[in-house]
Amino acid sequence: MSALLVAVVALLAGAGLAALLLRRWRERRGRENPEVIPEIATTEFESDPLPSAEAPSDRAVPGLSADKFTQSPESANARQASEPKGVEPGAESASQSAPATTQDATSAGRAITESGDAFAPSSPGANLLPEVPSSDPTPATLPSDGLKPEDCKFEVCRTTSSPLAAPPVDSALENSECPGSTASGEEGPPQNENPAATESPPIDDETKRESPTEIEEVPQEVAVDEIISSGTDSAGKPLSDSRSDLASAPSPPQEKAPRQFRPAPRVQERNRSKPRDSEKEPRTAGDRAAAISVRLRFEKGGYSKVSLLARRSPDYPAQLDVEGTGNPGRLFALQDNWFQDFISPGAGELLLRGAEWVAHLPGKQKARWTLSGREIYVLGKHEELNGYVSTNRLVIGEQHVVLCTEDRIQDVRSAIDLAGGSLADPLRGKGLPDGWAAFSNVVPTKPVAASSTGEILDALRPAPEVELAFVGGIRIGRQLWLEHYPPRIRLRGDRASAGVVRIDGIEAAVDSSGSYVADAWEALGDHTVSWAAGTRTYTISRGAEEWAPWNAYVWPSTEDEQKVAAFRPALCGALVRPPPAAMPGSQPVLVPASNSLLLGRNAGEVAFCRERSDLGAAPSIGFPSFEPVWAVPQDALRSDKRSMHVLRIGKGAQAPVFTTHHQSMTSRGATRQLAIWRDAILNAGRKGLTTEPSDVEAKVLWREYQAAAKALRRKR
Amino acid sequence: MSAESLLLWMSARVHGSWGQFRAAVEELHLDEGNDDEGDADDGENLGENGLPHYHLLRLNLQRLGHAEFFSEAAGSDWHVCPPCLAATPLRNEWIGILVGARSARLIDRLLESAAQSTLETLEFDGCPDQLKIVAPDSQTLARIAQRANIYFQDSAPESILAVIPRIDEAAIRKSTPIPFGAQWRVERFSATSLRWEAASAQEARTTTAGLFRFVRLYERTVLLCTHGHGYAVPSQVGKYLALKARRRRVLQYDRTAECLTLPSSCRPPFLVDRALTLCSGAPPRYEARTAMSGLLHYSNIPAPIARLASASLCQELR
């Protein structure tokens, strides 16, 4: 009996051991088998309602994510502690989720807020701001199911890969358009690409959303972006190594869908040393996706035009075939930094749902652009573009247009009213997308505290911040303005926080137009403007003052007719240029076709004008290298003396010059020219042609020329 | 800002790319409050919706002789012309129009030089300010130009028209194969209605003479087709060739008013337009008509200039 019991126990123990081994084997197999992940990914991407662009193969973030997931929670926490507190990753990451998860994400953000100072007012005056009506959801309930941080992180990834959220990290350039967004914490890493994720057990959605650990994990994502920029991973390992690690890891299909705008809580801005987005160099191929801007231009008759603008790098081709949401097709360069406007018949849907565009560049590179969909757009004046262009949020004292869906009109009204802006009835139709309305001439007058968790209405809450702007003038270089046409120096935003503005160290005054001026502020040279938050420089310079002509219009233009072209004049602007065969210093002279031989005061100065028989009685044009005095018929003996004359075209005292120098001219050409000059005068005299004008002075002068010609004939 | 600031910017930069030009138009906010209603003639060239404003500015700058664009721009996309006082006889006196580059200093010099003469500033939509100096004779204008250190062109309209080839000169057209393929949209210019009308590529190959426009996406080619051969010509030149083939006269001249009138869809080529505009310093006045193409009226056109222009266009004055 005891032996039987021992045997049973041994059997049970063996079975248990076998079960344990089998389980471990399954776990190991699951870890090594990447096909599990694509199943998850595929399931989630299948719900992607819009066509998406193919992700680039060289995306490095998956590897970094893998590296991140294998870290210990301690190291993650240590890194989180080293992160700037201005980043609210939990809310941002969670807010990438589909609408169903937004409330939870917001709650998560609030959890951070309440436990720390990350959402503290960004300036000393911020506590004086009017209170924002809270629309925040109920606080999050933190689960206590003992989930491991790694597991929870995996679930965060899964959640954010839903079609309405989950843009890969390369879409993060859109940050520049997000109120209070930061360069790093905005985006989640690419989802479903982490092989380590297969180690995590499946967790239901509720658990995923409420997991507190996902909040703790997200700062690692922030660090990932920084690692990317620094070129090393979290362990100081060169990034290329991390990428190579990842290269061997299986990766699921990567698809992209337009994403929704994910407002981030406003963070305290440091004194910016980095340029604004509009001042940055356009991103280049292989970089992250560039933002698509929205532009609204008002036209006559109350009509308006809403378009999308893709940023452009100067090294991009002048035209690109762009694929993606809305089928933008071929885009042409609007200028060095922008492609032309894309006007879509379905603009309303694009604005609401967002857009993802991709174009293939030479060298197998891709350019990508993204627009995060949202219900409210704040449009303001732009330094490079006319009309109103999408911007982060309202700025105090500046003129804006707020574009919103019909559903959001009341929210927008309330928010703008809180910011002190006056509102007229919203514009609808007449070029605006269906289902959208526009509030024009929105000028906020006071700052409003942003919500602590970040919401779309934060874009309508001006921050108590100020920046310096150079407005207008004629800019001929990056920070270079033309003399006499300097920029207006203005403060945008809350002027009260700007302190004293100095131009070249001199305290500046505000003129009637609201611009800052000081002594010699528009003089030639470099100038520096300083205010409480920083400095900016500008230069006043002269432009070109010398302009040389060239042969802009030449006929004929074909090479085989260059011989003909050598004798035809050219044009440049209003200037008629001598033909290439003309003597240096030649000037155009226009005479009637009947008097196409030009004579100068020096014997031998002759020039023939080109006749235009094809133009009928058109004038002839000649290019003498001397100052012509007379225009005579080429064959005076065969002319009609009743209608033809000797034209005096020179002015002033221009008596003929005939010296021994001319007698000694022996070259063949010179002798021939002397003969032409002499015979033209003598033949006109024989024919009895009268001078035109027929005044005494002209007649006397003509007799002098006749006498000189006779003398020349005698010397022959 | 006005087109004047654009010309100042171009003068300071001398030459540049098309992208820079468009960026300047954007940055100077030149097309705010303007719609795309351009001139009907070139509007037809670019589409039924008319011209974008930047394109209208470009055409105006080129027509007035302030700048040259593309193939005429000396290797750049645009190149500002040297400053020049273009002199024109006007009844008993002469007028000088400042054409080409300008700067604040240059204008100061010109004002100083022309202190003894009458100087007017003419403003037109979409055009830089036209500075007009009125003097008793061309020598006075020449001296003013010399003192201001700018070029001088005597009898500018007549000189330009005396230099440019007639529209039927072989130097203007270039033999080009007629495009084939179903992707081309083909239109034929009707000398009767003065509009582009739908046609077929087969028609282009079999016609004895006709002006055809081939459009594919953003590509647009205007060909003069005759007996199966195609010749690329500028659109406005081609229209007058088509009119010549049909012996259709479209130019009207009023000797008393010294006004030359023509349909806006038959706006003359650049250089003829430039010469006619320099006669007064003012671009043509547009007169809209309901049922047909509008009219363009060029003012202060002396009879010899009108004859010369009509001869260049192979037209007879009515």
# chains A, B, ... in the order shown; residues from 1 in each chain; ligands from 1

call {"tool": "residues_around", "arguments": {"residues": "Ser307 (chain A)", "least_positions_apart": "3", "cutoff": "8 Å", "atoms": "only C-alpha atoms", "output": "ChimeraX atom specification"}}
result
/A:294-296,341-344,347

call {"tool": "residues_around", "arguments": {"residues": "Glu287 (chain B)", "least_positions_apart": "2", "cutoff": "10 Å", "atoms": "only C-alpha atoms", "output": "PyMOL selection string"}}
result
chain B and resi 261+263-264+284-285+289+293-297

call {"tool": "closest_residue", "arguments": {"among": "B:Arg307, B:Arg205, B:Lys132, B:Arg109", "to": "chain A", "atoms": "only C-alpha atoms"}}
result
B:Arg307

call {"tool": "residues_around", "arguments": {"residues": "Ser497 (chain A)", "least_positions_apart": "6", "cutoff": "9 Å", "atoms": "only C-alpha atoms", "output": "tab-separated table (two decimals) with N, CA and C atoms, in the first residue's frame"}}
result
chain	number	residue	atom	x	y	z
A	125	GLY	N	2.81	84.19	-13.10
A	125	GLY	CA	1.49	84.80	-13.21
A	125	GLY	C	0.39	83.83	-13.54
A	464	PRO	N	0.42	82.60	-21.07
A	464	PRO	CA	1.01	83.89	-20.69
A	464	PRO	C	2.46	83.96	-21.11
A	465	GLU	N	2.70	83.84	-22.37
A	465	GLU	CA	4.05	83.84	-22.89
A	465	GLU	C	4.16	84.89	-23.98
A	466	VAL	N	5.36	85.20	-24.33
A	466	VAL	CA	5.58	86.24	-25.32
A	466	VAL	C	6.77	85.86	-26.18
A	532	ALA	N	12.96	90.11	-22.03
A	532	ALA	CA	13.14	89.31	-20.82
A	532	ALA	C	13.47	87.86	-21.12
A	533	ALA	N	12.93	87.35	-22.19
A	533	ALA	CA	13.07	85.92	-22.44
A	533	ALA	C	14.16	85.57	-23.43

call {"tool": "closest_atom_pairs", "arguments": {"of": "chain B", "to": "chain A", "cutoff": "7 Å", "atoms": "only C-alpha atoms", "output": "CSV"}}
result
residue,atom,partner,partner_atom,distance
B:Trp9,CA,A:Ile474,CA,6.4
B:Ser11,CA,A:Ala544,CA,6.7
B:Ala12,CA,A:Gly543,CA,4.0
B:Arg13,CA,A:Ala544,CA,6.5
B:Val14,CA,A:Ala544,CA,6.8
B:Gly19,CA,A:Gln335,CA,3.7
B:Gln20,CA,A:Gln335,CA,5.9
B:Arg22,CA,A:Gln335,CA,5.8
B:Ala23,CA,A:Gln335,CA,5.2
B:Glu26,CA,A:Leu385,CA,4.9
B:Glu27,CA,A:Glu384,CA,4.7
B:His29,CA,A:Asn386,CA,5.2
B:Glu32,CA,A:Gly387,CA,6.6
B:Gly33,CA,A:Glu299,CA,5.3
B:Asn34,CA,A:Glu299,CA,6.0
B:Asp35,CA,A:Glu299,CA,5.5
B:Gly65,CA,A:Gly573,CA,4.2
B:His66,CA,A:Gly573,CA,6.1
B:Ala67,CA,A:Gly573,CA,6.6
B:Glu72,CA,A:Ala552,CA,4.5
B:Ala73,CA,A:Ala552,CA,6.4
B:Ala74,CA,A:Ala552,CA,6.8
B:Cys81,CA,A:Gly573,CA,5.6
B:Pro82,CA,A:Trp547,CA,4.8
B:Cys84,CA,A:Ala574,CA,6.9
B:Ala86,CA,A:Ala574,CA,6.4
B:Val99,CA,A:Ala574,CA,6.7
B:Gly100,CA,A:Gly573,CA,6.6
B:Gln153,CA,A:Leu575,CA,5.9
B:Ala156,CA,A:Ala574,CA,6.4
B:Ser159,CA,A:Leu590,CA,6.7
B:Ile160,CA,A:Val576,CA,6.6
B:Ala162,CA,A:Pro619,CA,6.5
B:Val163,CA,A:Pro569,CA,6.5
B:Ala171,CA,A:Pro556,CA,4.7
B:Leu308,CA,A:Ala618,CA,6.4
B:Ala311,CA,A:Leu615,CA,5.4
B:Ser312,CA,A:Leu615,CA,6.6

call {"tool": "select_by_dssp", "arguments": {"residues": "region 537-644 of chain A", "states": "strand (DSSP E)", "output": "list in words"}}
result
Thr537, Tyr538, Thr539, Ile540, Ser541, Ala570, Leu571, Cys572, Leu575, Val576, Arg577, Val589, Leu590, Val591, Leu597, Leu598, Leu599, Gly600, Val606, Ala607, Phe608, Ser620, Ile621, Gly622, Pro628, Val629, Trp630, Ala631 and Val632 of chain A

call {"tool": "write_last_selection", "arguments": {"atoms": "N, CA, C and O atoms", "output": "short mmCIF file (atom, residue, chain, number, x, y, z; two decimals), in the first residue's frame"}}
result
data_model
loop_
_atom_site.label_atom_id
_atom_site.label_comp_id
_atom_site.auth_asym_id
_atom_site.auth_seq_id
_atom_site.Cartn_x
_atom_site.Cartn_y
_atom_site.Cartn_z
N THR A 537 18.44 88.73 -33.46
CA THR A 537 19.24 89.67 -34.23
C THR A 537 18.64 89.84 -35.62
O THR A 537 17.96 88.95 -36.13
N TYR A 538 18.93 90.98 -36.20
CA TYR A 538 18.57 91.21 -37.59
C TYR A 538 19.61 92.14 -38.20
O TYR A 538 20.34 92.82 -37.48
N THR A 539 19.65 92.13 -39.50
CA THR A 539 20.65 92.93 -40.21
C THR A 539 19.96 93.74 -41.30
O THR A 539 19.08 93.23 -42.00
N ILE A 540 20.36 94.98 -41.40
CA ILE A 540 19.87 95.83 -42.49
C ILE A 540 21.01 95.96 -43.50
O ILE A 540 22.14 96.28 -43.14
N SER A 541 20.69 95.70 -44.74
CA SER A 541 21.75 95.68 -45.75
C SER A 541 21.25 96.30 -47.04
O SER A 541 20.05 96.37 -47.30
N ALA A 570 19.27 92.04 -80.24
CA ALA A 570 18.59 91.29 -79.18
C ALA A 570 17.83 92.27 -78.30
O ALA A 570 17.95 93.49 -78.44
N LEU A 571 17.07 91.70 -77.36
CA LEU A 571 16.29 92.53 -76.44
C LEU A 571 16.56 92.10 -75.00
O LEU A 571 16.79 90.92 -74.72
N CYS A 572 16.46 93.07 -74.12
CA CYS A 572 16.50 92.80 -72.68
C CYS A 572 15.68 93.87 -72.00
O CYS A 572 16.10 95.03 -71.97
N LEU A 575 15.44 97.47 -73.40
CA LEU A 575 16.70 97.80 -74.09
C LEU A 575 16.84 96.98 -75.36
O LEU A 575 16.66 95.75 -75.35
N VAL A 576 17.20 97.67 -76.44
CA VAL A 576 17.56 96.98 -77.67
C VAL A 576 19.08 96.85 -77.69
O VAL A 576 19.80 97.83 -77.56
N ARG A 577 19.53 95.62 -77.80
CA ARG A 577 20.96 95.35 -77.69
C ARG A 577 21.55 95.12 -79.07
O ARG A 577 20.91 94.51 -79.94
N VAL A 589 20.07 102.99 -83.31
CA VAL A 589 19.53 104.23 -83.88
C VAL A 589 18.40 103.85 -84.82
O VAL A 589 18.54 102.95 -85.64
N LEU A 590 17.30 104.53 -84.67
CA LEU A 590 16.11 104.20 -85.46
C LEU A 590 15.91 105.29 -86.52
O LEU A 590 15.84 106.47 -86.18
N VAL A 591 15.83 104.88 -87.74
CA VAL A 591 15.62 105.84 -88.83
C VAL A 591 14.57 105.26 -89.78
O VAL A 591 14.32 104.05 -89.78
N LEU A 597 21.21 104.67 -94.35
CA LEU A 597 22.67 104.80 -94.27
C LEU A 597 23.01 105.94 -93.31
O LEU A 597 22.58 107.09 -93.51
N LEU A 598 23.75 105.61 -92.28
CA LEU A 598 24.09 106.59 -91.24
C LEU A 598 25.50 107.12 -91.48
O LEU A 598 26.42 106.34 -91.76
N LEU A 599 25.66 108.44 -91.35
CA LEU A 599 26.97 109.07 -91.53
C LEU A 599 27.36 109.81 -90.26
O LEU A 599 26.53 110.51 -89.67
N GLY A 600 28.62 109.65 -89.88
CA GLY A 600 29.13 110.37 -88.73
C GLY A 600 29.90 111.61 -89.16
O GLY A 600 30.09 111.84 -90.35
N VAL A 606 30.54 105.28 -91.27
CA VAL A 606 29.29 104.89 -91.93
C VAL A 606 28.73 103.64 -91.26
O VAL A 606 29.49 102.82 -90.73
N ALA A 607 27.43 103.53 -91.30
CA ALA A 607 26.77 102.32 -90.76
C ALA A 607 25.47 102.11 -91.51
O ALA A 607 24.73 103.06 -91.76
N PHE A 608 25.22 100.85 -91.86
CA PHE A 608 23.99 100.52 -92.56
C PHE A 608 22.95 100.01 -91.55
O PHE A 608 23.28 99.26 -90.63
N SER A 620 14.03 101.45 -89.87
CA SER A 620 15.22 100.59 -89.86
C SER A 620 16.01 100.90 -88.61
O SER A 620 16.04 102.04 -88.14
N ILE A 621 16.65 99.90 -88.12
CA ILE A 621 17.45 100.11 -86.92
C ILE A 621 18.90 99.78 -87.21
O ILE A 621 19.21 98.79 -87.87
N GLY A 622 19.77 100.66 -86.79
CA GLY A 622 21.19 100.46 -86.99
C GLY A 622 21.95 100.58 -85.68
O GLY A 622 21.41 101.08 -84.69
N PRO A 628 25.86 109.27 -84.98
CA PRO A 628 25.49 109.61 -86.35
C PRO A 628 24.97 111.05 -86.44
O PRO A 628 24.33 111.55 -85.52
N VAL A 629 25.27 111.68 -87.59
CA VAL A 629 24.81 113.06 -87.81
C VAL A 629 23.71 113.08 -88.88
O VAL A 629 22.72 113.76 -88.74
N TRP A 630 23.93 112.26 -89.92
CA TRP A 630 22.99 112.26 -91.03
C TRP A 630 22.51 110.83 -91.32
O TRP A 630 23.26 109.87 -91.13
N ALA A 631 21.27 110.79 -91.81
CA ALA A 631 20.73 109.53 -92.33
C ALA A 631 20.32 109.80 -93.78
O ALA A 631 19.47 110.66 -94.03
N VAL A 632 20.96 109.11 -94.70
CA VAL A 632 20.74 109.38 -96.13
C VAL A 632 20.28 108.09 -96.81
O VAL A 632 20.53 106.99 -96.30
#

call {"tool": "select_by_dssp", "arguments": {"residues": "region 494-708 of chain A", "states": "helix (DSSP H, G or I)", "output": "PyMOL selection string"}}
result
chain A and resi 495-497+559-565+613-615+636-638+660-663+668-687+696-708

call {"tool": "residues_around", "arguments": {"residues": "Leu271 (chain B)", "least_positions_apart": "4", "cutoff": "8 Å", "atoms": "only C-alpha atoms", "output": "ChimeraX atom specification"}}
result
/B:63,160-161,164,275

call {"tool": "residues_around", "arguments": {"residues": "Cys127 (chain B)", "least_positions_apart": "5", "cutoff": "10 Å", "atoms": "only C-alpha atoms", "output": "PyMOL selection string"}}
result
chain B and resi 2-4+6-7+56-61+63-64+66+122+282-283
